[in-house]
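Content type CSV, C-alpha atoms and all ligand atoms, from the file final.csv:
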chain,number,residue,atom,x,y,z
A,1,MET,CA,0.0,0.0,0.0
A,2,THR,CA,1.4,3.3,-1.0
A,3,PRO,CA,0.8,6.3,1.3
A,4,ALA,CA,-1.5,7.8,-1.4
A,5,ASP,CA,-3.8,4.8,-0.8
A,6,ASP,CA,-3.6,5.1,3.0
A,7,PRO,CA,-7.3,5.1,4.1
A,8,GLU,CA,-6.3,7.2,7.1
A,9,VAL,CA,-5.2,10.0,4.9
A,10,LYS,CA,-8.0,10.7,2.7
A,11,ILE,CA,-7.1,13.4,0.1
A,12,SER,CA,-10.3,15.3,-0.8
A,13,ASN,CA,-10.7,17.3,-3.9
A,14,ARG,CA,-7.9,15.5,-5.8
A,15,ASP,CA,-8.9,17.2,-9.0
A,16,ARG,CA,-8.6,20.7,-7.6
A,17,VAL,CA,-6.0,22.6,-9.7
A,18,ILE,CA,-3.4,24.0,-7.2
A,19,PHE,CA,-0.9,25.2,-9.7
A,20,GLN,CA,-2.9,27.3,-12.1
A,21,ASP,CA,-0.1,28.0,-14.5
A,22,SER,CA,1.1,24.4,-15.0
A,23,GLY,CA,-2.1,22.6,-14.2
A,24,GLN,CA,-1.1,20.2,-11.4
A,25,THR,CA,-3.8,19.3,-9.0
A,26,LYS,CA,-4.0,18.5,-5.3
A,27,GLY,CA,-4.0,14.9,-6.2
A,28,ASP,CA,-0.8,15.4,-8.2
A,29,LEU,CA,0.8,17.1,-5.2
A,30,ALA,CA,-0.3,14.3,-2.9
A,31,ASP,CA,1.2,11.7,-5.3
A,32,TYR,CA,4.4,13.7,-5.5
A,33,TYR,CA,4.8,13.7,-1.7
A,34,ALA,CA,3.9,10.0,-1.4
A,35,SER,CA,6.6,9.2,-4.0
A,36,ILE,CA,9.3,11.5,-2.7
A,37,ALA,CA,8.7,10.7,1.0
A,38,PRO,CA,11.6,8.2,1.3
A,39,LEU,CA,14.0,10.8,0.0
A,40,MET,CA,12.5,13.7,2.0
A,41,LEU,CA,11.9,12.1,5.4
A,42,PRO,CA,15.5,11.7,6.4
A,43,PHE,CA,15.6,15.6,6.4
A,44,ALA,CA,12.0,16.3,7.4
A,45,ALA,CA,11.0,13.7,9.9
A,46,GLY,CA,10.9,14.7,13.6
A,47,ARG,CA,11.7,18.3,12.9
A,48,PRO,CA,9.3,21.2,13.8
A,49,VAL,CA,7.9,22.5,10.6
A,50,SER,CA,6.2,25.6,9.4
A,51,LEU,CA,3.8,25.2,6.5
A,52,VAL,CA,2.9,27.3,3.5
A,53,ARG,CA,-0.8,26.5,3.0
A,54,CYS,CA,-2.8,27.5,0.0
A,55,PRO,CA,-6.2,25.7,0.4
A,56,GLN,CA,-7.6,27.2,-2.8
A,57,GLY,CA,-4.3,26.9,-4.8
A,58,ARG,CA,-1.2,29.0,-5.1
A,59,ALA,CA,-2.9,31.8,-7.0
A,60,LYS,CA,-5.3,32.4,-4.2
A,61,LYS,CA,-4.6,33.3,-0.6
A,62,CYS,CA,-1.6,31.4,1.0
A,63,PHE,CA,-0.4,31.7,4.6
A,64,PHE,CA,2.7,30.7,6.5
A,65,GLN,CA,1.7,28.6,9.5
A,66,LYS,CA,3.9,27.9,12.5
A,67,HIS,CA,1.5,26.6,15.1
A,68,ASP,CA,-1.0,23.8,15.4
A,69,THR,CA,-4.5,25.0,14.6
A,70,GLY,CA,-6.1,21.6,14.8
A,71,GLY,CA,-7.7,19.5,12.1
A,72,PHE,CA,-4.5,17.9,10.8
A,73,GLY,CA,-5.4,14.4,11.8
A,74,PRO,CA,-3.5,11.8,13.8
A,75,GLN,CA,-0.5,11.4,11.6
A,76,VAL,CA,0.6,15.0,12.1
A,77,HIS,CA,2.2,15.4,15.6
A,78,THR,CA,2.7,18.4,17.9
A,79,VAL,CA,5.5,19.4,20.2
A,80,GLN,CA,5.3,22.1,22.8
A,81,ILE,CA,8.1,24.6,22.4
A,82,PRO,CA,8.8,27.4,24.9
A,83,GLU,CA,8.7,30.8,23.4
A,84,LYS,CA,10.8,33.8,24.4
A,85,SER,CA,7.8,35.1,26.3
A,86,GLY,CA,8.0,32.1,28.6
A,87,GLN,CA,4.8,30.6,27.3
A,88,SER,CA,4.8,27.4,25.3
A,89,ASP,CA,3.2,26.9,21.9
A,90,ASP,CA,2.3,23.8,19.9
A,91,TYR,CA,4.4,23.2,16.8
A,92,LEU,CA,3.9,20.6,14.1
A,93,TYR,CA,6.1,17.8,13.0
A,94,VAL,CA,5.7,14.6,10.9
A,95,GLU,CA,7.3,11.2,11.2
A,96,ASP,CA,6.2,9.5,8.0
A,97,ALA,CA,4.6,9.8,4.6
A,98,GLY,CA,1.2,9.8,6.2
A,99,GLY,CA,2.2,12.9,8.1
A,100,LEU,CA,3.3,14.7,4.9
A,101,LEU,CA,0.0,13.7,3.3
A,102,GLY,CA,-2.0,14.8,6.3
A,103,CYS,CA,-0.6,18.3,5.7
A,104,VAL,CA,-1.3,18.2,2.0
A,105,GLN,CA,-4.9,17.3,2.8
A,106,MET,CA,-5.0,20.6,4.7
A,107,GLY,CA,-3.8,22.6,1.7
A,108,THR,CA,-0.1,22.5,2.4
A,109,ILE,CA,2.2,23.1,-0.5
A,110,GLU,CA,5.6,23.9,1.2
A,111,PHE,CA,7.4,22.4,4.2
A,112,HIS,CA,9.9,24.5,6.1
A,113,GLY,CA,12.0,23.1,8.9
A,114,TRP,CA,13.7,24.2,12.1
A,115,GLN,CA,17.5,23.6,12.2
A,116,ALA,CA,16.8,21.3,15.2
A,117,ARG,CA,14.7,18.3,15.9
A,118,ALA,CA,11.6,18.1,18.0
A,119,ASP,CA,13.1,15.7,20.6
A,120,ASP,CA,15.5,18.4,21.7
A,121,VAL,CA,14.8,21.8,20.1
A,122,GLU,CA,17.6,23.4,22.1
A,123,LEU,CA,20.3,21.6,20.2
A,124,PRO,CA,20.6,22.8,16.6
A,125,ASP,CA,21.9,20.2,14.1
A,126,ARG,CA,22.1,21.9,10.8
A,127,LEU,CA,23.6,25.2,9.4
A,128,VAL,CA,21.8,26.7,6.4
A,129,PHE,CA,23.1,29.7,4.4
A,130,ASP,CA,20.3,31.0,2.2
A,131,LEU,CA,21.7,33.0,-0.7
A,132,ASP,CA,19.2,35.6,-1.8
A,133,PRO,CA,20.2,37.5,-5.0
A,134,ASP,CA,19.0,41.0,-5.7
A,135,SER,CA,16.6,41.0,-8.6
A,136,GLY,CA,19.2,42.1,-11.2
A,137,LEU,CA,21.6,39.3,-10.5
A,138,GLY,CA,21.8,36.1,-12.6
A,139,TYR,CA,21.9,32.5,-11.5
A,140,ALA,CA,25.6,32.3,-12.3
A,141,GLU,CA,26.4,34.9,-9.6
A,142,VAL,CA,24.5,32.8,-7.1
A,143,THR,CA,26.4,29.6,-7.9
A,144,ARG,CA,29.7,31.5,-7.6
A,145,ALA,CA,28.6,32.8,-4.2
A,146,ALA,CA,27.6,29.3,-3.1
A,147,ALA,CA,31.1,28.0,-3.9
A,148,ASP,CA,32.6,30.8,-1.9
A,149,ILE,CA,30.6,29.9,1.1
A,150,ARG,CA,31.5,26.2,0.7
A,151,ASP,CA,35.2,27.1,0.6
A,152,ARG,CA,34.9,29.1,3.8
A,153,LEU,CA,33.2,26.2,5.5
A,154,VAL,CA,35.9,23.8,4.2
A,155,ALA,CA,38.5,26.1,5.7
A,156,ASP,CA,36.7,25.5,9.1
A,157,GLY,CA,36.7,21.8,8.4
A,158,LEU,CA,33.0,21.6,7.5
A,159,GLU,CA,31.6,19.7,4.5
A,160,SER,CA,28.5,21.3,3.0
A,161,PHE,CA,25.9,20.5,0.4
A,162,ALA,CA,24.0,22.6,-2.2
A,163,MET,CA,20.3,22.8,-2.7
A,164,LEU,CA,18.4,24.6,-5.4
A,165,SER,CA,15.6,26.4,-3.5
A,166,GLY,CA,13.0,26.0,-6.3
A,167,GLY,CA,12.8,29.8,-6.2
A,168,LYS,CA,15.6,32.2,-7.0
A,169,GLY,CA,18.4,31.2,-4.8
A,170,VAL,CA,20.5,28.4,-3.5
A,171,HIS,CA,20.9,27.1,0.1
A,172,ILE,CA,24.1,25.7,1.4
A,173,VAL,CA,23.5,23.0,4.1
A,174,ALA,CA,26.0,21.8,6.6
A,175,PRO,CA,24.7,19.0,8.9
A,176,LEU,CA,26.2,19.1,12.4
A,177,SER,CA,26.1,16.7,15.3
A,178,ARG,CA,24.1,18.0,18.2
A,179,GLY,CA,25.9,19.4,21.3
A,180,HIS,CA,26.2,23.2,20.9
A,181,SER,CA,23.8,25.9,21.9
A,182,TRP,CA,21.7,28.1,19.7
A,183,ASP,CA,23.9,31.1,20.6
A,184,SER,CA,27.0,29.5,19.3
A,185,HIS,CA,25.1,28.2,16.2
A,186,ARG,CA,23.9,31.7,15.4
A,187,ASP,CA,27.2,33.4,16.2
A,188,TYR,CA,29.0,31.0,13.9
A,189,ALA,CA,26.6,31.5,11.0
A,190,LYS,CA,26.6,35.3,11.5
A,191,GLY,CA,30.4,35.3,11.8
A,192,LEU,CA,30.9,33.4,8.6
A,193,ALA,CA,28.4,35.6,6.7
A,194,ASP,CA,30.0,38.8,8.0
A,195,LEU,CA,33.5,37.5,7.0
A,196,VAL,CA,32.4,36.8,3.4
A,197,ALA,CA,30.5,40.0,3.1
A,198,GLU,CA,33.3,42.2,4.5
A,199,ALA,CA,35.9,40.5,2.2
A,200,GLU,CA,33.8,41.4,-0.9
A,201,PRO,CA,31.3,44.1,-0.1
A,202,ASP,CA,30.5,44.7,-3.7
A,203,ARG,CA,29.2,41.2,-4.2
A,204,PHE,CA,27.7,40.4,-0.8
A,205,THR,CA,25.8,41.7,2.2
A,206,ALA,CA,25.0,40.0,5.5
A,207,THR,CA,22.4,42.5,6.6
A,208,MET,CA,18.8,42.3,5.7
A,209,SER,CA,18.3,45.9,4.8
A,210,LYS,CA,16.9,46.3,1.3
A,211,ALA,CA,19.1,49.3,0.5
A,212,LYS,CA,22.3,47.2,1.3
A,213,ARG,CA,21.1,44.4,-0.9
A,214,GLU,CA,21.0,46.4,-4.1
A,215,GLY,CA,23.1,44.6,-6.8
A,216,ARG,CA,24.3,42.1,-4.2
A,217,ILE,CA,23.7,38.7,-2.8
A,218,PHE,CA,22.2,38.7,0.7
A,219,ILE,CA,23.8,35.9,2.7
A,220,ASP,CA,20.8,35.0,4.8
A,221,TRP,CA,22.3,33.5,8.0
A,222,LEU,CA,19.2,34.3,10.0
A,223,ARG,CA,17.8,30.8,9.1
A,224,ASN,CA,20.1,29.6,11.9
A,225,GLN,CA,18.3,31.4,14.7
A,226,ARG,CA,16.2,29.5,17.1
A,227,GLY,CA,12.6,29.4,15.8
A,228,ASN,CA,13.5,30.3,12.2
A,229,THR,CA,13.0,27.8,9.4
A,230,SER,CA,14.2,27.1,5.9
A,231,VAL,CA,12.5,25.2,3.1
A,232,LEU,CA,13.2,21.5,3.4
A,233,PRO,CA,14.9,19.3,0.8
A,234,TYR,CA,12.3,18.1,-1.8
A,235,SER,CA,9.6,20.4,-0.6
A,236,ALA,CA,7.3,21.7,-3.3
A,237,ARG,CA,7.1,25.4,-3.7
A,238,ALA,CA,4.0,27.6,-4.1
A,239,ARG,CA,5.4,29.2,-7.1
A,240,ALA,CA,4.7,29.2,-10.8
A,241,GLY,CA,5.3,25.8,-12.4
A,242,ALA,CA,5.2,23.8,-9.2
A,243,PRO,CA,9.0,23.7,-8.6
A,244,VAL,CA,10.6,21.8,-5.8
A,245,ALA,CA,13.6,22.4,-3.6
A,246,ALA,CA,16.2,20.0,-5.0
A,247,PRO,CA,19.5,18.7,-3.5
A,248,VAL,CA,22.2,18.8,-6.1
A,249,THR,CA,25.9,18.0,-6.4
A,250,TRP,CA,28.3,20.9,-6.6
A,251,ASP,CA,28.9,20.0,-10.3
A,252,GLU,CA,25.2,20.1,-11.1
A,253,LEU,CA,24.9,23.4,-9.2
A,254,ALA,CA,27.3,24.9,-11.6
A,255,THR,CA,25.6,23.5,-14.7
A,256,ALA,CA,21.9,24.0,-13.8
A,257,ALA,CA,20.1,26.7,-15.8
A,258,ASN,CA,18.4,28.2,-12.8
A,259,ALA,CA,17.3,27.4,-9.2
A,260,HIS,CA,14.1,25.7,-10.2
A,261,PRO,CA,14.8,23.0,-12.8
A,262,TYR,CA,12.6,20.4,-11.1
A,263,SER,CA,8.9,20.3,-10.5
A,264,ILE,CA,6.5,18.0,-8.7
A,265,SER,CA,6.0,16.3,-12.0
A,266,ASP,CA,9.6,15.1,-11.9
A,267,ALA,CA,9.4,12.7,-8.9
A,268,ALA,CA,10.6,9.7,-11.0
A,269,ARG,CA,13.6,11.7,-12.2
A,270,LEU,CA,14.4,12.9,-8.8
A,271,ILE,CA,14.3,9.4,-7.3
A,272,GLU,CA,16.5,8.1,-10.1
A,273,ARG,CA,19.1,10.9,-9.6
A,274,ALA,CA,19.2,10.4,-5.8
A,275,ALA,CA,20.2,6.8,-6.3
A,276,GLY,CA,23.3,7.9,-8.3
A,277,LYS,CA,26.6,7.7,-6.5
A,278,ASP,CA,27.2,11.5,-6.5
A,279,LEU,CA,24.0,12.4,-4.8
A,280,ALA,CA,23.6,9.3,-2.6
A,281,GLY,CA,25.5,10.8,0.3
A,282,TRP,CA,23.9,14.3,0.1
A,283,GLY,CA,23.4,15.9,3.5
A,284,ILE,CA,25.0,13.0,5.3
A,285,VAL,CA,28.2,13.7,7.3
A,286,GLU,CA,29.4,13.4,10.9
A,287,GLN,CA,30.9,16.7,11.9
A,288,ALA,CA,30.7,19.2,14.8
A,289,LEU,CA,30.6,23.0,14.9
A,290,PRO,CA,34.2,24.2,15.1
B,301,LIG,P1,14.4,31.8,-2.8
B,301,LIG,O1,15.5,31.0,-3.3
B,301,LIG,O2,13.5,32.3,-3.8
B,301,LIG,O3,14.9,32.9,-1.9
B,301,LIG,P2,13.7,30.7,-0.2
B,301,LIG,O4,12.9,29.5,0.2
B,301,LIG,O5,15.1,30.8,0.1
B,301,LIG,O6,13.5,30.9,-1.8
B,301,LIG,P3,13.3,33.2,1.2
B,301,LIG,O7,12.3,34.3,1.0
B,301,LIG,O8,14.7,33.5,1.1
B,301,LIG,O9,12.8,32.0,0.3
B,301,LIG,O10,12.9,32.6,2.7
B,301,LIG,C1,13.8,32.0,3.5
B,301,LIG,C2,13.0,31.3,4.5
B,301,LIG,O11,12.3,32.2,5.4
B,301,LIG,C3,11.9,30.4,4.0
B,301,LIG,O12,12.5,29.1,3.6
B,301,LIG,C4,11.0,30.2,5.2
B,301,LIG,O13,11.4,29.1,6.0
B,301,LIG,C5,11.2,31.5,5.9
B,301,LIG,N1,9.9,32.2,5.6
B,301,LIG,C6,9.4,32.5,4.4
B,301,LIG,N2,8.2,33.2,4.5
B,301,LIG,C7,8.0,33.4,5.8
B,301,LIG,C8,7.0,34.0,6.6
B,301,LIG,N3,6.0,34.6,6.0
B,301,LIG,N4,7.2,34.0,7.9
B,301,LIG,C9,8.2,33.5,8.5
B,301,LIG,N5,9.2,32.8,7.8
B,301,LIG,C10,9.1,32.8,6.5
B,302,MN,MN,16.2,32.4,-0.2
B,303,MN,MN,16.1,34.5,2.7
So, in terms of structure tokens, how does the structure I just supplied come out?
Ligand code: ATP
Ligand code: MN
Ligand code: MN
Amino acid sequence: MTPADDPEVKISNRDRVIFQDSGQTKGDLADYYASIAPLMLPFAAGRPVSLVRCPQGRAKKCFFQKHDTGGFGPQVHTVQIPEKSGQSDDYLYVEDAGGLLGCVQMGTIEFHGWQARADDVELPDRLVFDLDPDSGLGYAEVTRAAADIRDRLVADGLESFAMLSGGKGVHIVAPLSRGHSWDSHRDYAKGLADLVAEAEPDRFTATMSKAKREGRIFIDWLRNQRGNTSVLPYSARARAGAPVAAPVTWDELATAANAHPYSISDAARLIERAAGKDLAGWGIVEQALP
């Protein structure tokens, strides 16, 4: 039985068109997640998630959801996380394909994850540098920037992996063993972004301000703060053409045409690629924050 046939996750309105430009339906999206679940879950399972939900399709109202609002069904779990205010709030996480589909049933298109797992949210386990190019910059600029970040990480003894966001930019992901605090996680990410931006201020900025971003690539290190998220590998995107966030090798990063070459209609191709030797170890390495 594939998850798409799971009687506990009934997908209603399978024929509803979710991606108006390219025609994919809610059923197509559910089938994509059912197929890609074995590739996606190693990065998504057990991690607090925020969802981009578009119940009437991506062309209508979408919203970014961090907390449990009920109605997700038994395969979508909750974890209480203390907020800065001292109060706790319920966050969502999934463990399996049924959980992904439970979210799709509720109109979810995108899955974004914390850089920590639900069983101990105070111990971050993944660095993400989200490269956001200013509108005038081309994809080639972004790939060059990604290689620069990779080299900085290598200098600190860290291996990293590239992911096409499915949007405009690239994410660089460095898995870390758990054992350091959010403060050191954040400080390391900010420190690296500042170093790169200060070395080449014409190409980069590490500050969010719109004015400073003009003509530059914003190295968005803020993904590494407690409570912030980044789009998870293999998540679909609520953007034109139903693109997905796709792990790539460093070689493929350099040869891709843009940051959104794969869509939810490419599940078979993504699965075949992931089995290839170059991509098989993507996102898997034992290393600690320097
Ligand atoms: P792109 O490559 O086009 O930049 P992206 O996924 O990196 O795609 P960003 O706009 O850079 O998109 O967003 C980075 C992250 O910020 C997202 O992955 C998401 O986790 C988080 N985010 C996005 N929208 C919201 C929101 N409305 N509220 C809170 N966090 C958000
Ligand atoms: Mn981005
Ligand atoms: Mn960003």
Give the residues close to ligand MN 303 (chain B), within 8 Å, counting all atoms listed in the file; write them as an mmCIF file with C-alpha atoms, in the coordinates of the input.
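Generated file (part37.cif):
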data_model
loop_
_atom_site.group_PDB
_atom_site.id
_atom_site.type_symbol
_atom_site.label_atom_id
_atom_site.label_comp_id
_atom_site.auth_asym_id
_atom_site.auth_seq_id
_atom_site.Cartn_x
_atom_site.Cartn_y
_atom_site.Cartn_z
ATOM 1 C CA ASP A 130 20.300 31.000 2.200
ATOM 2 C CA LEU A 131 21.700 33.000 -0.700
ATOM 3 C CA ASP A 132 19.200 35.600 -1.800
ATOM 4 C CA PHE A 218 22.200 38.700 0.700
ATOM 5 C CA ILE A 219 23.800 35.900 2.700
ATOM 6 C CA ASP A 220 20.800 35.000 4.800
ATOM 7 C CA LEU A 222 19.200 34.300 10.000
ATOM 8 C CA ARG A 223 17.800 30.800 9.100
#
**OP:** May I ask for the distance between atom CA of A:Val173 and atom CA of A:Glu159, given in Å to one decimal place?
**Re:** 8.8 Å
At a cut-off of 7 Å and counting only C-alpha atoms and all ligand atoms, what residues surround ligand LIG 301 (chain B)? Please answer as a PDB file with C-alpha atoms, in the coordinates of the input.
ATOM      1  CA  PHE A  64       2.700  30.700   6.500  1.00  0.00           C
ATOM      2  CA  HIS A 112       9.900  24.500   6.100  1.00  0.00           C
ATOM      3  CA  GLY A 113      12.000  23.100   8.900  1.00  0.00           C
ATOM      4  CA  ASP A 130      20.300  31.000   2.200  1.00  0.00           C
ATOM      5  CA  LEU A 131      21.700  33.000  -0.700  1.00  0.00           C
ATOM      6  CA  ASP A 132      19.200  35.600  -1.800  1.00  0.00           C
ATOM      7  CA  SER A 165      15.600  26.400  -3.500  1.00  0.00           C
ATOM      8  CA  GLY A 166      13.000  26.000  -6.300  1.00  0.00           C
ATOM      9  CA  GLY A 167      12.800  29.800  -6.200  1.00  0.00           C
ATOM     10  CA  LYS A 168      15.600  32.200  -7.000  1.00  0.00           C
ATOM     11  CA  GLY A 169      18.400  31.200  -4.800  1.00  0.00           C
ATOM     12  CA  VAL A 170      20.500  28.400  -3.500  1.00  0.00           C
ATOM     13  CA  HIS A 171      20.900  27.100   0.100  1.00  0.00           C
ATOM     14  CA  ARG A 223      17.800  30.800   9.100  1.00  0.00           C
ATOM     15  CA  ASN A 228      13.500  30.300  12.200  1.00  0.00           C
ATOM     16  CA  THR A 229      13.000  27.800   9.400  1.00  0.00           C
ATOM     17  CA  SER A 230      14.200  27.100   5.900  1.00  0.00           C
ATOM     18  CA  VAL A 231      12.500  25.200   3.100  1.00  0.00           C
TER      19      VAL A 231
END
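Taking only C-alpha atoms and all ligand atoms into account, ligand MN 302 (chain B) lies nearest to A:Asp134 out of the set A:Gly215, A:Asp134, A:Glu8, A:Arg14.
Rounded to one decimal, atom CA of A:Gly99 and atom CA of A:Leu232 lie 14.7 Å from each other.
Contact shell of A:Leu195 at 12 Å (all atoms listed in the file; same-chain neighbours under 3 positions omitted): Asp148, Ile149, Arg152, Leu153, Asp187, Tyr188, Ala189, Lys190, Gly191, Leu192, Glu198, Ala199, Glu200, Pro201, Phe204, Thr205, Ala206, Ile219 and Trp221 of chain A.
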Those same residues - C-alpha atoms - I'd like them written as a short mmCIF file (atom, residue, chain, number, x, y, z; two decimals), in the frame of the given file.
data_model
loop_
_atom_site.label_atom_id
_atom_site.label_comp_id
_atom_site.auth_asym_id
_atom_site.auth_seq_id
_atom_site.Cartn_x
_atom_site.Cartn_y
_atom_site.Cartn_z
CA ASP A 148 32.60 30.80 -1.90
CA ILE A 149 30.60 29.90 1.10
CA ARG A 152 34.90 29.10 3.80
CA LEU A 153 33.20 26.20 5.50
CA ASP A 187 27.20 33.40 16.20
CA TYR A 188 29.00 31.00 13.90
CA ALA A 189 26.60 31.50 11.00
CA LYS A 190 26.60 35.30 11.50
CA GLY A 191 30.40 35.30 11.80
CA LEU A 192 30.90 33.40 8.60
CA GLU A 198 33.30 42.20 4.50
CA ALA A 199 35.90 40.50 2.20
CA GLU A 200 33.80 41.40 -0.90
CA PRO A 201 31.30 44.10 -0.10
CA PHE A 204 27.70 40.40 -0.80
CA THR A 205 25.80 41.70 2.20
CA ALA A 206 25.00 40.00 5.50
CA ILE A 219 23.80 35.90 2.70
CA TRP A 221 22.30 33.50 8.00
#
**OP:** Measuring atom to atom with all atoms listed in the file, identify which of A:Gln24, A:Ser184, A:Ser263, A:Ser135 is nearest to A:Glu214.
**Re:** A:Ser135
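Proximity ranking of A:Thr249, A:Ser235, A:Asn224, A:Ser209 relative to A:Thr143 places A:Thr249 first, based on all atoms listed in the file.
Interatomic distance, atom CA of A:Gln225 against atom CA of A:Lys84: 12.5 Å.
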Test item: residues at most 9 Å from stretch 27-38 of chain A, all atoms listed in the file, excluding those fewer than 2 positions along its chain, as a compact mmCIF listing (two decimals) with C-alpha atoms, in the frame of the given file:
# COMPACT_ATOMS: atom_id res chain seq x y z
CA THR A 2 1.40 3.30 -1.00
CA PRO A 3 0.80 6.30 1.30
CA ALA A 4 -1.50 7.80 -1.40
CA ILE A 11 -7.10 13.40 0.10
CA SER A 12 -10.30 15.30 -0.80
CA ASN A 13 -10.70 17.30 -3.90
CA ARG A 14 -7.90 15.50 -5.80
CA ASP A 15 -8.90 17.20 -9.00
CA ARG A 16 -8.60 20.70 -7.60
CA VAL A 17 -6.00 22.60 -9.70
CA ILE A 18 -3.40 24.00 -7.20
CA GLN A 24 -1.10 20.20 -11.40
CA THR A 25 -3.80 19.30 -9.00
CA MET A 40 12.50 13.70 2.00
CA LEU A 41 11.90 12.10 5.40
CA PRO A 42 15.50 11.70 6.40
CA ASP A 96 6.20 9.50 8.00
CA ALA A 97 4.60 9.80 4.60
CA GLY A 98 1.20 9.80 6.20
CA LEU A 100 3.30 14.70 4.90
CA LEU A 101 0.00 13.70 3.30
CA VAL A 104 -1.30 18.20 2.00
CA GLN A 105 -4.90 17.30 2.80
CA ILE A 109 2.20 23.10 -0.50
CA TYR A 234 12.30 18.10 -1.80
CA SER A 235 9.60 20.40 -0.60
CA ALA A 236 7.30 21.70 -3.30
CA ALA A 242 5.20 23.80 -9.20
CA ILE A 264 6.50 18.00 -8.70
CA SER A 265 6.00 16.30 -12.00
CA ASP A 266 9.60 15.10 -11.90
CA ALA A 267 9.40 12.70 -8.90
CA ALA A 268 10.60 9.70 -11.00
CA LEU A 270 14.40 12.90 -8.80
CA ILE A 271 14.30 9.40 -7.30
**OP:** Compile the contact shell of A:Gly283 as a PyMOL selection string: residues with an atom at most 10 Å away, counting all atoms listed in the file, same-chain residues fewer than 3 positions apart removed.
**Re:** chain A and resi 42-43+126+159-163+173-176+233+247+279-280+286
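Here the selection is built from all atoms listed in the file, and the residues within 12 Å of (22.9, 36.0, -13.8) turn out to be Pro133, Asp134, Ser135, Gly136, Leu137, Gly138, Tyr139, Ala140, Glu141, Val142, Thr143, Arg144, Ala145, Lys168, Gly169, Gly215, Arg216, Ile217, Ala257, Asn258 and Ala259 of chain A.
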**OP:** For A:Ser181, list every protein, DNA or RNA residue within 9 Å, evaluated using only C-alpha atoms, and leave out those in the same chain fewer than 2 positions away; present the list as a PyMOL selection string.
**Re:** chain A and resi 122-124+178-179+183-186
Subject >> Option closest in space to ligand MN 302 (chain B), from A:Val196, A:Val9, A:Leu164, A:Val49 [counting all atoms listed in the file] >> reply: A:Leu164
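Proximity to ligand MN 302 (chain B) was assessed for A:Val248, A:Asp202, A:Val128, A:Leu158 counting all atoms listed in the file; the smallest distance is recorded for A:Val128.
Nearest residue to A:Gly107, choosing from A:Arg269, A:His260, A:Lys277, A:Lys26 and counting all atoms listed in the file: A:Lys26.
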**OP:** For A:Ile81, list every protein, DNA or RNA residue within 9 Å, evaluated using only C-alpha atoms, and leave out those in the same chain fewer than 5 positions away; present the list as JSON, numbers by chain.
**Re:** {"A": [87, 88, 89, 90, 91, 118, 121]}
